[in-house]
>>> print(open('my_file-v4.csv').read())   # CSV, C-alpha atoms
chain,number,residue,atom,x,y,z
A,1,MET,CA,7.1,33.6,20.9
A,2,THR,CA,3.8,32.5,19.4
A,3,THR,CA,3.3,29.1,17.7
A,4,THR,CA,3.2,30.9,14.4
A,5,ASP,CA,6.5,32.7,15.1
A,6,ALA,CA,8.1,29.4,16.1
A,7,ASN,CA,6.9,27.7,13.0
A,8,ALA,CA,8.1,30.6,10.9
A,9,SER,CA,11.5,30.4,12.6
A,10,ARG,CA,11.7,26.6,11.9
A,11,ASP,CA,10.8,27.2,8.3
A,12,LYS,CA,13.8,29.4,7.9
A,13,ALA,CA,16.0,26.4,8.4
A,14,ARG,CA,15.1,25.3,4.9
A,15,LEU,CA,15.5,21.7,4.0
A,16,PRO,CA,15.8,20.4,0.4
A,17,ARG,CA,12.4,20.2,-1.2
A,18,ASP,CA,12.4,16.4,-1.5
A,19,GLU,CA,13.3,16.0,2.2
A,20,ARG,CA,10.7,18.5,3.3
A,21,ARG,CA,8.1,16.7,1.2
A,22,ALA,CA,9.0,13.4,2.8
A,23,ILE,CA,8.5,14.8,6.2
A,24,LEU,CA,5.1,16.3,5.3
A,25,LEU,CA,3.9,13.0,3.8
A,26,SER,CA,5.0,11.1,6.9
A,27,ALA,CA,3.1,13.6,9.2
A,28,ALA,CA,0.1,13.4,6.9
A,29,LEU,CA,0.0,9.6,7.0
A,30,GLU,CA,0.0,9.6,10.8
A,31,VAL,CA,-2.9,12.2,11.0
A,32,PHE,CA,-4.9,10.6,8.2
A,33,THR,CA,-4.6,7.2,9.7
A,34,ALA,CA,-5.5,8.3,13.2
A,35,ALA,CA,-8.3,10.7,12.3
A,36,GLY,CA,-9.6,9.7,8.9
A,37,TYR,CA,-9.6,12.1,6.0
A,38,HIS,CA,-12.6,14.2,6.9
A,39,SER,CA,-11.5,14.8,10.5
A,40,ALA,CA,-7.9,15.4,9.7
A,41,ALA,CA,-6.8,19.0,10.0
A,42,MET,CA,-4.1,20.6,7.9
A,43,ASP,CA,-3.1,22.6,11.0
A,44,GLU,CA,-2.4,19.4,12.8
A,45,ILE,CA,-0.4,18.0,9.9
A,46,ALA,CA,1.7,21.2,9.7
A,47,ASP,CA,2.3,21.2,13.4
A,48,ARG,CA,3.4,17.6,13.4
A,49,ALA,CA,5.7,18.3,10.5
A,50,SER,CA,7.1,21.4,12.3
A,51,VAL,CA,6.2,23.7,9.5
A,52,SER,CA,3.9,26.6,9.1
A,53,LYS,CA,0.6,26.1,7.4
A,54,PRO,CA,1.6,28.3,4.4
A,55,VAL,CA,4.6,26.1,3.8
A,56,LEU,CA,2.4,23.0,3.8
A,57,TYR,CA,0.1,24.6,1.2
A,58,GLN,CA,3.2,25.5,-0.9
A,59,HIS,CA,3.8,21.8,-1.3
A,60,PHE,CA,0.2,20.7,-1.4
A,61,PRO,CA,-2.5,23.2,-2.5
A,62,SER,CA,-5.3,21.2,-0.8
A,63,LYS,CA,-6.0,18.5,1.7
A,64,LEU,CA,-7.1,16.2,-1.1
A,65,ASP,CA,-3.9,16.8,-3.0
A,66,LEU,CA,-1.9,15.9,0.1
A,67,TYR,CA,-4.0,12.7,0.7
A,68,LEU,CA,-3.6,11.6,-2.9
A,69,ALA,CA,0.2,12.2,-2.6
A,70,VAL,CA,0.3,9.9,0.5
A,71,LEU,CA,-1.7,7.3,-1.3
A,72,ASP,CA,0.5,7.4,-4.4
A,73,LEU,CA,3.6,7.0,-2.4
A,74,HIS,CA,2.5,3.9,-0.6
A,75,ILE,CA,0.6,2.4,-3.5
A,76,ASP,CA,3.8,2.6,-5.6
A,77,SER,CA,5.7,1.0,-2.7
A,78,LEU,CA,3.4,-1.9,-2.3
A,79,VAL,CA,3.1,-2.5,-6.1
A,80,TYR,CA,6.9,-2.5,-6.4
A,81,GLU,CA,7.2,-5.1,-3.6
A,82,ILE,CA,4.7,-7.4,-5.2
A,83,GLN,CA,6.3,-7.1,-8.6
A,84,LYS,CA,9.7,-7.8,-7.1
A,85,ALA,CA,8.3,-10.8,-5.3
A,86,ILE,CA,6.8,-12.3,-8.5
A,87,SER,CA,10.1,-11.8,-10.4
A,88,SER,CA,12.3,-13.0,-7.6
A,89,THR,CA,12.2,-16.7,-8.6
A,90,PRO,CA,11.1,-18.9,-11.4
A,91,ASP,CA,9.6,-21.4,-9.0
A,92,ASN,CA,5.9,-20.8,-8.6
A,93,ALA,CA,5.6,-22.2,-5.1
A,94,GLN,CA,8.3,-19.8,-4.0
A,95,ARG,CA,6.5,-17.0,-5.9
A,96,VAL,CA,3.4,-17.6,-3.8
A,97,HIS,CA,5.6,-17.6,-0.6
A,98,ALA,CA,7.3,-14.4,-1.7
A,99,THR,CA,4.1,-12.6,-2.5
A,100,ILE,CA,2.5,-13.5,0.8
A,101,ASP,CA,5.7,-12.4,2.6
A,102,ALA,CA,5.6,-9.1,0.7
A,103,TYR,CA,2.1,-8.3,2.1
A,104,PHE,CA,2.9,-9.3,5.6
A,105,SER,CA,6.2,-7.4,5.5
A,106,PHE,CA,4.4,-4.3,4.3
A,107,ILE,CA,2.0,-4.7,7.2
A,108,GLU,CA,4.9,-5.1,9.7
A,109,ASN,CA,6.9,-2.2,8.3
A,110,GLU,CA,4.1,0.1,7.2
A,111,GLY,CA,1.0,-0.8,9.2
A,112,GLU,CA,-0.3,2.8,9.0
A,113,ALA,CA,0.0,2.8,5.3
A,114,PHE,CA,-1.7,-0.5,5.0
A,115,ARG,CA,-4.7,0.8,7.0
A,116,LEU,CA,-4.8,3.9,4.8
A,117,LEU,CA,-4.9,1.8,1.6
A,118,PHE,CA,-7.4,-0.8,2.8
A,119,GLU,CA,-9.5,1.0,5.3
A,120,SER,CA,-9.8,4.4,3.8
A,121,ASP,CA,-12.9,6.5,4.5
A,122,MET,CA,-12.3,8.1,1.1
A,123,SER,CA,-12.5,4.9,-1.0
A,124,VAL,CA,-15.7,6.2,-2.8
A,125,GLU,CA,-14.0,9.4,-3.9
A,126,PRO,CA,-13.3,9.0,-7.6
A,127,GLN,CA,-9.6,9.9,-7.6
A,128,VAL,CA,-9.0,7.6,-4.6
A,129,HIS,CA,-11.1,4.8,-6.0
A,130,GLU,CA,-9.1,5.0,-9.3
A,131,ARG,CA,-5.8,4.7,-7.5
A,132,LEU,CA,-6.9,1.8,-5.3
A,133,SER,CA,-8.2,0.0,-8.4
A,134,ARG,CA,-5.0,0.6,-10.2
A,135,MET,CA,-3.1,-0.8,-7.3
A,136,THR,CA,-5.0,-4.0,-7.4
A,137,TYR,CA,-4.8,-4.2,-11.2
A,138,ASP,CA,-1.0,-3.7,-11.3
A,139,CYS,CA,-0.4,-6.3,-8.6
A,140,ALA,CA,-2.8,-8.8,-10.3
A,141,ALA,CA,-1.2,-8.1,-13.7
A,142,ALA,CA,2.2,-9.3,-12.3
A,143,VAL,CA,0.6,-12.5,-11.2
A,144,SER,CA,-1.6,-13.1,-14.2
A,145,GLY,CA,1.4,-12.8,-16.6
A,146,VAL,CA,3.0,-15.8,-14.9
A,147,ILE,CA,-0.3,-17.8,-14.9
A,148,SER,CA,-0.9,-17.1,-18.6
A,149,ASN,CA,2.6,-18.1,-19.5
A,150,ASP,CA,2.6,-21.3,-17.4
A,151,THR,CA,-0.9,-22.6,-18.1
A,152,GLY,CA,-1.7,-21.2,-21.6
A,153,LEU,CA,-5.0,-19.7,-20.2
A,154,PRO,CA,-6.4,-16.7,-22.1
A,155,LYS,CA,-5.4,-13.3,-20.8
A,156,GLU,CA,-8.8,-12.5,-19.3
A,157,ALA,CA,-9.0,-15.9,-17.5
A,158,ALA,CA,-5.4,-15.5,-16.1
A,159,MET,CA,-6.3,-11.9,-15.0
A,160,LEU,CA,-9.3,-13.1,-13.2
A,161,LEU,CA,-7.2,-15.6,-11.3
A,162,GLY,CA,-4.6,-13.0,-10.6
A,163,VAL,CA,-7.2,-10.6,-9.2
A,164,GLY,CA,-8.5,-13.5,-7.0
A,165,LEU,CA,-5.1,-14.4,-5.6
A,166,ILE,CA,-4.1,-10.8,-4.9
A,167,GLY,CA,-7.5,-10.1,-3.3
A,168,TYR,CA,-7.1,-13.2,-1.2
A,169,ALA,CA,-3.7,-12.0,0.0
A,170,GLN,CA,-4.9,-8.5,0.8
A,171,VAL,CA,-8.0,-9.7,2.7
A,172,THR,CA,-6.3,-12.3,4.8
A,173,ALA,CA,-3.4,-9.9,5.6
A,174,ARG,CA,-5.8,-7.2,6.6
A,175,HIS,CA,-7.8,-9.6,8.8
A,176,TRP,CA,-4.6,-10.6,10.6
A,177,LEU,CA,-3.7,-7.0,11.2
A,178,GLU,CA,-7.2,-5.9,12.3
A,179,ARG,CA,-7.8,-8.7,14.7
A,180,ASP,CA,-4.4,-8.4,16.4
A,181,SER,CA,-4.4,-12.1,16.0
A,182,LYS,CA,-2.9,-14.6,18.4
A,183,LEU,CA,-1.4,-16.3,15.4
A,184,THR,CA,2.2,-15.3,14.8
A,185,ARG,CA,3.1,-13.7,11.5
A,186,GLN,CA,4.7,-17.0,10.3
A,187,GLN,CA,1.7,-19.1,11.3
A,188,ALA,CA,-0.6,-16.8,9.4
A,189,MET,CA,1.6,-16.7,6.4
A,190,ASP,CA,1.9,-20.5,6.4
A,191,LEU,CA,-1.9,-20.9,6.4
A,192,VAL,CA,-2.5,-18.4,3.7
A,193,GLU,CA,0.4,-19.7,1.5
A,194,ASN,CA,-0.7,-23.3,1.8
A,195,LEU,CA,-4.3,-22.6,0.8
A,196,MET,CA,-3.3,-20.3,-2.0
A,197,TRP,CA,-0.7,-22.8,-3.4
A,198,ARG,CA,-3.1,-25.7,-3.2
A,199,GLY,CA,-5.5,-23.7,-5.3
A,200,ILE,CA,-3.3,-22.3,-8.0
A,201,SER,CA,-1.1,-25.4,-8.4
A,202,GLY,CA,-4.2,-27.4,-9.5
A,203,PHE,CA,-3.9,-25.6,-12.9
A,204,PRO,CA,-1.7,-27.8,-15.2
A,205,ARG,CA,1.4,-26.2,-16.7
A,206,THR,CA,1.7,-26.0,-20.5
A,207,GLU,CA,4.4,-28.2,-21.9
A,208,LEU,CA,7.2,-26.1,-23.2
>>> encode(input="my_file-v4.csv", output="structure tokens")
Amino acid sequence: MTTTDANASRDKARLPRDERRAILLSAALEVFTAAGYHSAAMDEIADRASVSKPVLYQHFPSKLDLYLAVLDLHIDSLVYEIQKAISSTPDNAQRVHATIDAYFSFIENEGEAFRLLFESDMSVEPQVHERLSRMTYDCAAAVSGVISNDTGLPKEAAMLLGVGLIGYAQVTARHWLERDSKLTRQQAMDLVENLMWRGISGFPRTEL
């Protein structure tokens, strides 16, 4: 039996569309992270997902469509975790802790996705750039809303601080991941959290 025949046979055992899509996205994440977008081959993704290439194209008409779908899935996941962290407590020191923890948890649980989001060789592609910018904006908006309410700062000023804090969390978490640091996750989180809190806590709260 040829590889094509074997794939066709596997395809006959049809899975629900959502389940099949999840398998394809998981396989694509592995290949895109390992090879980069330009070197990734749809044949390899199909093979890793144990489907035929035509089945892969039924779900995603092009490699770019597949790449964007992978991005969207993990962007939505990260934004959700950051928004959940911000809303998890009314205590701002704990909010900082929860936000840092969300980034490092994302790294620990989805290291490949983190690399795809922050080390993409497609970041200059307009559709990719728009998604990555939206990710940062949505995370920063969750932070800036708290800053604006607590300090009375204008929306634009609060947003600038929100972008700065989110960018700081992203860059330090990425550095820790890239360097395979001798610092434990907790040690790294404590350092980042202390520096971030000392900075933002210097802004006085508005008397309610």
>>> closest_atom_pairs(input="my_file-v4.csv", of="range 61-118 of chain A", to="range 49-54 of chain A", cutoff="12 Å", atoms="only C-alpha atoms", output="JSON lines")
{"residue": "A:Pro61", "atom": "CA", "partner": "A:Pro54", "partner_atom": "CA", "distance": 9.5}
{"residue": "A:Ser62", "atom": "CA", "partner": "A:Pro54", "partner_atom": "CA", "distance": 11.2}
{"residue": "A:Lys63", "atom": "CA", "partner": "A:Lys53", "partner_atom": "CA", "distance": 11.6}
>>> closest_atom_pairs(input="my_file-v4.csv", of="range 46-152 of chain A", to="range 22-30 of chain A", cutoff="8 Å", atoms="only C-alpha atoms", output="tab-separated table")
residue	atom	partner	partner_atom	distance
A:Ala46	CA	A:Leu24	CA	7.4
A:Arg48	CA	A:Ala27	CA	5.8
A:Ala49	CA	A:Ala27	CA	5.5
A:Leu56	CA	A:Leu24	CA	7.4
A:Leu66	CA	A:Leu25	CA	7.5
A:Tyr67	CA	A:Ala28	CA	7.5
A:Ala69	CA	A:Leu25	CA	7.4
A:Val70	CA	A:Leu25	CA	5.8
A:Glu112	CA	A:Glu30	CA	7.0
A:Ala113	CA	A:Leu29	CA	7.0
A:Leu116	CA	A:Leu29	CA	7.8
>>> residues_around(input="my_file-v4.csv", residues="range 135-138 of chain A", least_positions_apart="6", cutoff="9 Å", atoms="all atoms listed in the file", output="ChimeraX atom specification")
/A:75-76,78-79,83,159,162-163,166-167
>>> closest_residue(input="my_file-v4.csv", among="A:Arg131, A:Arg205, A:His74, A:His97", to="Ala188 in chain A", atoms="all atoms listed in the file")
A:His97
>>> atom_distance(input="my_file-v4.csv", atom1="CA of His175 in chain A", atom2="CA of Phe106 in chain A")
14.0 Å
>>> closest_residue(input="my_file-v4.csv", among="A:Ile100, A:Ala158, A:Cys139, A:Leu68", to="Ser123 in chain A", atoms="only C-alpha atoms")
A:Leu68
>>> atom_distance(input="my_file-v4.csv", atom1="CA of Ser88 in chain A", atom2="CA of Arg115 in chain A")
26.3 Å
>>> atom_distance(input="my_file-v4.csv", atom1="CA of Ile200 in chain A", atom2="CA of Arg174 in chain A")
21.2 Å
>>> closest_residue(input="my_file-v4.csv", among="A:Ser133, A:Asn194, A:Gln127, A:Thr172", to="Phe104 in chain A", atoms="all atoms listed in the file")
A:Thr172
>>> residues_around(input="my_file-v4.csv", residues="Val192 in chain A", least_positions_apart="4", cutoff="12 Å", atoms="all atoms listed in the file", output="ChimeraX atom specification")
/A:96-101,103-104,165-173,175-176,183,185-188,196-199
>>> write_last_selection(input="my_file-v4.csv", atoms="C-alpha atoms", output="PDB file, in the frame of the given file")
ATOM      1  CA  VAL A  96       3.400 -17.600  -3.800  1.00  0.00           C
ATOM      2  CA  HIS A  97       5.600 -17.600  -0.600  1.00  0.00           C
ATOM      3  CA  ALA A  98       7.300 -14.400  -1.700  1.00  0.00           C
ATOM      4  CA  THR A  99       4.100 -12.600  -2.500  1.00  0.00           C
ATOM      5  CA  ILE A 100       2.500 -13.500   0.800  1.00  0.00           C
ATOM      6  CA  ASP A 101       5.700 -12.400   2.600  1.00  0.00           C
ATOM      7  CA  TYR A 103       2.100  -8.300   2.100  1.00  0.00           C
ATOM      8  CA  PHE A 104       2.900  -9.300   5.600  1.00  0.00           C
ATOM      9  CA  LEU A 165      -5.100 -14.400  -5.600  1.00  0.00           C
ATOM     10  CA  ILE A 166      -4.100 -10.800  -4.900  1.00  0.00           C
ATOM     11  CA  GLY A 167      -7.500 -10.100  -3.300  1.00  0.00           C
ATOM     12  CA  TYR A 168      -7.100 -13.200  -1.200  1.00  0.00           C
ATOM     13  CA  ALA A 169      -3.700 -12.000   0.000  1.00  0.00           C
ATOM     14  CA  GLN A 170      -4.900  -8.500   0.800  1.00  0.00           C
ATOM     15  CA  VAL A 171      -8.000  -9.700   2.700  1.00  0.00           C
ATOM     16  CA  THR A 172      -6.300 -12.300   4.800  1.00  0.00           C
ATOM     17  CA  ALA A 173      -3.400  -9.900   5.600  1.00  0.00           C
ATOM     18  CA  HIS A 175      -7.800  -9.600   8.800  1.00  0.00           C
ATOM     19  CA  TRP A 176      -4.600 -10.600  10.600  1.00  0.00           C
ATOM     20  CA  LEU A 183      -1.400 -16.300  15.400  1.00  0.00           C
ATOM     21  CA  ARG A 185       3.100 -13.700  11.500  1.00  0.00           C
ATOM     22  CA  GLN A 186       4.700 -17.000  10.300  1.00  0.00           C
ATOM     23  CA  GLN A 187       1.700 -19.100  11.300  1.00  0.00           C
ATOM     24  CA  ALA A 188      -0.600 -16.800   9.400  1.00  0.00           C
ATOM     25  CA  MET A 196      -3.300 -20.300  -2.000  1.00  0.00           C
ATOM     26  CA  TRP A 197      -0.700 -22.800  -3.400  1.00  0.00           C
ATOM     27  CA  ARG A 198      -3.100 -25.700  -3.200  1.00  0.00           C
ATOM     28  CA  GLY A 199      -5.500 -23.700  -5.300  1.00  0.00           C
TER      29      GLY A 199
END
>>> closest_residue(input="my_file-v4.csv", among="A:Ser77, A:Glu178, A:Ala140, A:Lys84", to="Leu160 in chain A", atoms="all atoms listed in the file")
A:Ala140
>>> residues_around(input="my_file-v4.csv", residues="Pro204 in chain A", least_positions_apart="5", cutoff="12 Å", atoms="only C-alpha atoms", output="ChimeraX atom specification")
/A:147-153,199
>>> write_last_selection(input="my_file-v4.csv", atoms="C-alpha atoms", output="PDB file, keeping the file's coordinate frame")
ATOM      1  CA  ILE A 147      -0.300 -17.800 -14.900  1.00  0.00           C
ATOM      2  CA  SER A 148      -0.900 -17.100 -18.600  1.00  0.00           C
ATOM      3  CA  ASN A 149       2.600 -18.100 -19.500  1.00  0.00           C
ATOM      4  CA  ASP A 150       2.600 -21.300 -17.400  1.00  0.00           C
ATOM      5  CA  THR A 151      -0.900 -22.600 -18.100  1.00  0.00           C
ATOM      6  CA  GLY A 152      -1.700 -21.200 -21.600  1.00  0.00           C
ATOM      7  CA  LEU A 153      -5.000 -19.700 -20.200  1.00  0.00           C
ATOM      8  CA  GLY A 199      -5.500 -23.700  -5.300  1.00  0.00           C
TER       9      GLY A 199
END
>>> residues_around(input="my_file-v4.csv", residues="Val31 in chain A", least_positions_apart="3", cutoff="8 Å", atoms="all atoms listed in the file", output="tab-separated table (two decimals) with C-alpha atoms, in the frame of the given file")
chain	number	residue	atom	x	y	z
A	27	ALA	CA	3.10	13.60	9.20
A	28	ALA	CA	0.10	13.40	6.90
A	34	ALA	CA	-5.50	8.30	13.20
A	35	ALA	CA	-8.30	10.70	12.30
A	36	GLY	CA	-9.60	9.70	8.90
A	40	ALA	CA	-7.90	15.40	9.70
A	41	ALA	CA	-6.80	19.00	10.00
A	44	GLU	CA	-2.40	19.40	12.80
A	45	ILE	CA	-0.40	18.00	9.90
>>> closest_residue(input="my_file-v4.csv", among="A:Leu132, A:Leu161, A:Leu15, A:Leu191", to="Val146 in chain A", atoms="all atoms listed in the file")
A:Leu161
>>> closest_residue(input="my_file-v4.csv", among="A:Leu117, A:Asp47, A:Ser201, A:Asp190", to="Arg134 in chain A", atoms="only C-alpha atoms")
A:Leu117
>>> build_atoms(input="my_file-v4.csv", residues="range 105-127 of chain A", atoms="N, CA and C atoms", output="PDB file, keeping the file's coordinate frame")
ATOM      1  N   SER A 105       5.115  -8.318   5.208  1.00  0.00           N
ATOM      2  CA  SER A 105       6.200  -7.400   5.500  1.00  0.00           C
ATOM      3  C   SER A 105       5.756  -5.963   5.398  1.00  0.00           C
ATOM      4  N   PHE A 106       4.898  -5.685   4.419  1.00  0.00           N
ATOM      5  CA  PHE A 106       4.400  -4.300   4.300  1.00  0.00           C
ATOM      6  C   PHE A 106       3.553  -3.959   5.516  1.00  0.00           C
ATOM      7  N   ILE A 107       2.777  -4.898   6.020  1.00  0.00           N
ATOM      8  CA  ILE A 107       2.000  -4.700   7.200  1.00  0.00           C
ATOM      9  C   ILE A 107       2.955  -4.369   8.411  1.00  0.00           C
ATOM     10  N   GLU A 108       3.988  -5.214   8.536  1.00  0.00           N
ATOM     11  CA  GLU A 108       4.900  -5.100   9.700  1.00  0.00           C
ATOM     12  C   GLU A 108       5.667  -3.767   9.634  1.00  0.00           C
ATOM     13  N   ASN A 109       6.071  -3.367   8.439  1.00  0.00           N
ATOM     14  CA  ASN A 109       6.900  -2.200   8.300  1.00  0.00           C
ATOM     15  C   ASN A 109       6.087  -0.900   8.099  1.00  0.00           C
ATOM     16  N   GLU A 110       4.901  -1.040   7.519  1.00  0.00           N
ATOM     17  CA  GLU A 110       4.100   0.100   7.200  1.00  0.00           C
ATOM     18  C   GLU A 110       2.625  -0.105   7.520  1.00  0.00           C
ATOM     19  N   GLY A 111       2.382  -0.480   8.776  1.00  0.00           N
ATOM     20  CA  GLY A 111       1.000  -0.800   9.200  1.00  0.00           C
ATOM     21  C   GLY A 111       0.050   0.370   8.983  1.00  0.00           C
ATOM     22  N   GLU A 112       0.523   1.602   9.242  1.00  0.00           N
ATOM     23  CA  GLU A 112      -0.300   2.800   9.000  1.00  0.00           C
ATOM     24  C   GLU A 112      -0.703   2.920   7.574  1.00  0.00           C
ATOM     25  N   ALA A 113       0.273   2.698   6.697  1.00  0.00           N
ATOM     26  CA  ALA A 113       0.000   2.800   5.300  1.00  0.00           C
ATOM     27  C   ALA A 113      -0.958   1.741   4.811  1.00  0.00           C
ATOM     28  N   PHE A 114      -0.823   0.542   5.352  1.00  0.00           N
ATOM     29  CA  PHE A 114      -1.700  -0.500   5.000  1.00  0.00           C
ATOM     30  C   PHE A 114      -3.161  -0.192   5.364  1.00  0.00           C
ATOM     31  N   ARG A 115      -3.318   0.375   6.541  1.00  0.00           N
ATOM     32  CA  ARG A 115      -4.700   0.800   7.000  1.00  0.00           C
ATOM     33  C   ARG A 115      -5.210   1.883   6.069  1.00  0.00           C
ATOM     34  N   LEU A 116      -4.364   2.800   5.686  1.00  0.00           N
ATOM     35  CA  LEU A 116      -4.800   3.900   4.800  1.00  0.00           C
ATOM     36  C   LEU A 116      -5.272   3.339   3.472  1.00  0.00           C
ATOM     37  N   LEU A 117      -4.532   2.363   2.928  1.00  0.00           N
ATOM     38  CA  LEU A 117      -4.900   1.800   1.600  1.00  0.00           C
ATOM     39  C   LEU A 117      -6.123   0.966   1.650  1.00  0.00           C
ATOM     40  N   PHE A 118      -6.330   0.226   2.745  1.00  0.00           N
ATOM     41  CA  PHE A 118      -7.400  -0.800   2.800  1.00  0.00           C
ATOM     42  C   PHE A 118      -8.547  -0.441   3.700  1.00  0.00           C
ATOM     43  N   GLU A 119      -8.454   0.641   4.443  1.00  0.00           N
ATOM     44  CA  GLU A 119      -9.500   1.000   5.300  1.00  0.00           C
ATOM     45  C   GLU A 119      -9.895   2.492   5.167  1.00  0.00           C
ATOM     46  N   SER A 120      -9.681   3.023   3.993  1.00  0.00           N
ATOM     47  CA  SER A 120      -9.800   4.400   3.800  1.00  0.00           C
ATOM     48  C   SER A 120     -11.314   4.866   3.826  1.00  0.00           C
ATOM     49  N   ASP A 121     -11.576   5.976   4.526  1.00  0.00           N
ATOM     50  CA  ASP A 121     -12.900   6.500   4.500  1.00  0.00           C
ATOM     51  C   ASP A 121     -13.175   7.376   3.282  1.00  0.00           C
ATOM     52  N   MET A 122     -12.214   7.339   2.359  1.00  0.00           N
ATOM     53  CA  MET A 122     -12.300   8.100   1.100  1.00  0.00           C
ATOM     54  C   MET A 122     -12.398   7.175  -0.110  1.00  0.00           C
ATOM     55  N   SER A 123     -12.630   5.889   0.097  1.00  0.00           N
ATOM     56  CA  SER A 123     -12.500   4.900  -1.000  1.00  0.00           C
ATOM     57  C   SER A 123     -13.572   5.170  -2.099  1.00  0.00           C
ATOM     58  N   VAL A 124     -14.656   5.899  -1.782  1.00  0.00           N
ATOM     59  CA  VAL A 124     -15.700   6.200  -2.800  1.00  0.00           C
ATOM     60  C   VAL A 124     -15.355   7.450  -3.592  1.00  0.00           C
ATOM     61  N   GLU A 125     -14.373   8.222  -3.114  1.00  0.00           N
ATOM     62  CA  GLU A 125     -14.000   9.400  -3.900  1.00  0.00           C
ATOM     63  C   GLU A 125     -13.333   8.980  -5.174  1.00  0.00           C
ATOM     64  N   PRO A 126     -13.794   9.508  -6.309  1.00  0.00           N
ATOM     65  CA  PRO A 126     -13.300   9.000  -7.600  1.00  0.00           C
ATOM     66  C   PRO A 126     -11.832   8.889  -7.775  1.00  0.00           C
ATOM     67  N   GLN A 127     -11.096   9.920  -7.380  1.00  0.00           N
ATOM     68  CA  GLN A 127      -9.600   9.900  -7.600  1.00  0.00           C
ATOM     69  C   GLN A 127      -8.981   8.851  -6.659  1.00  0.00           C
TER      70      GLN A 127
END
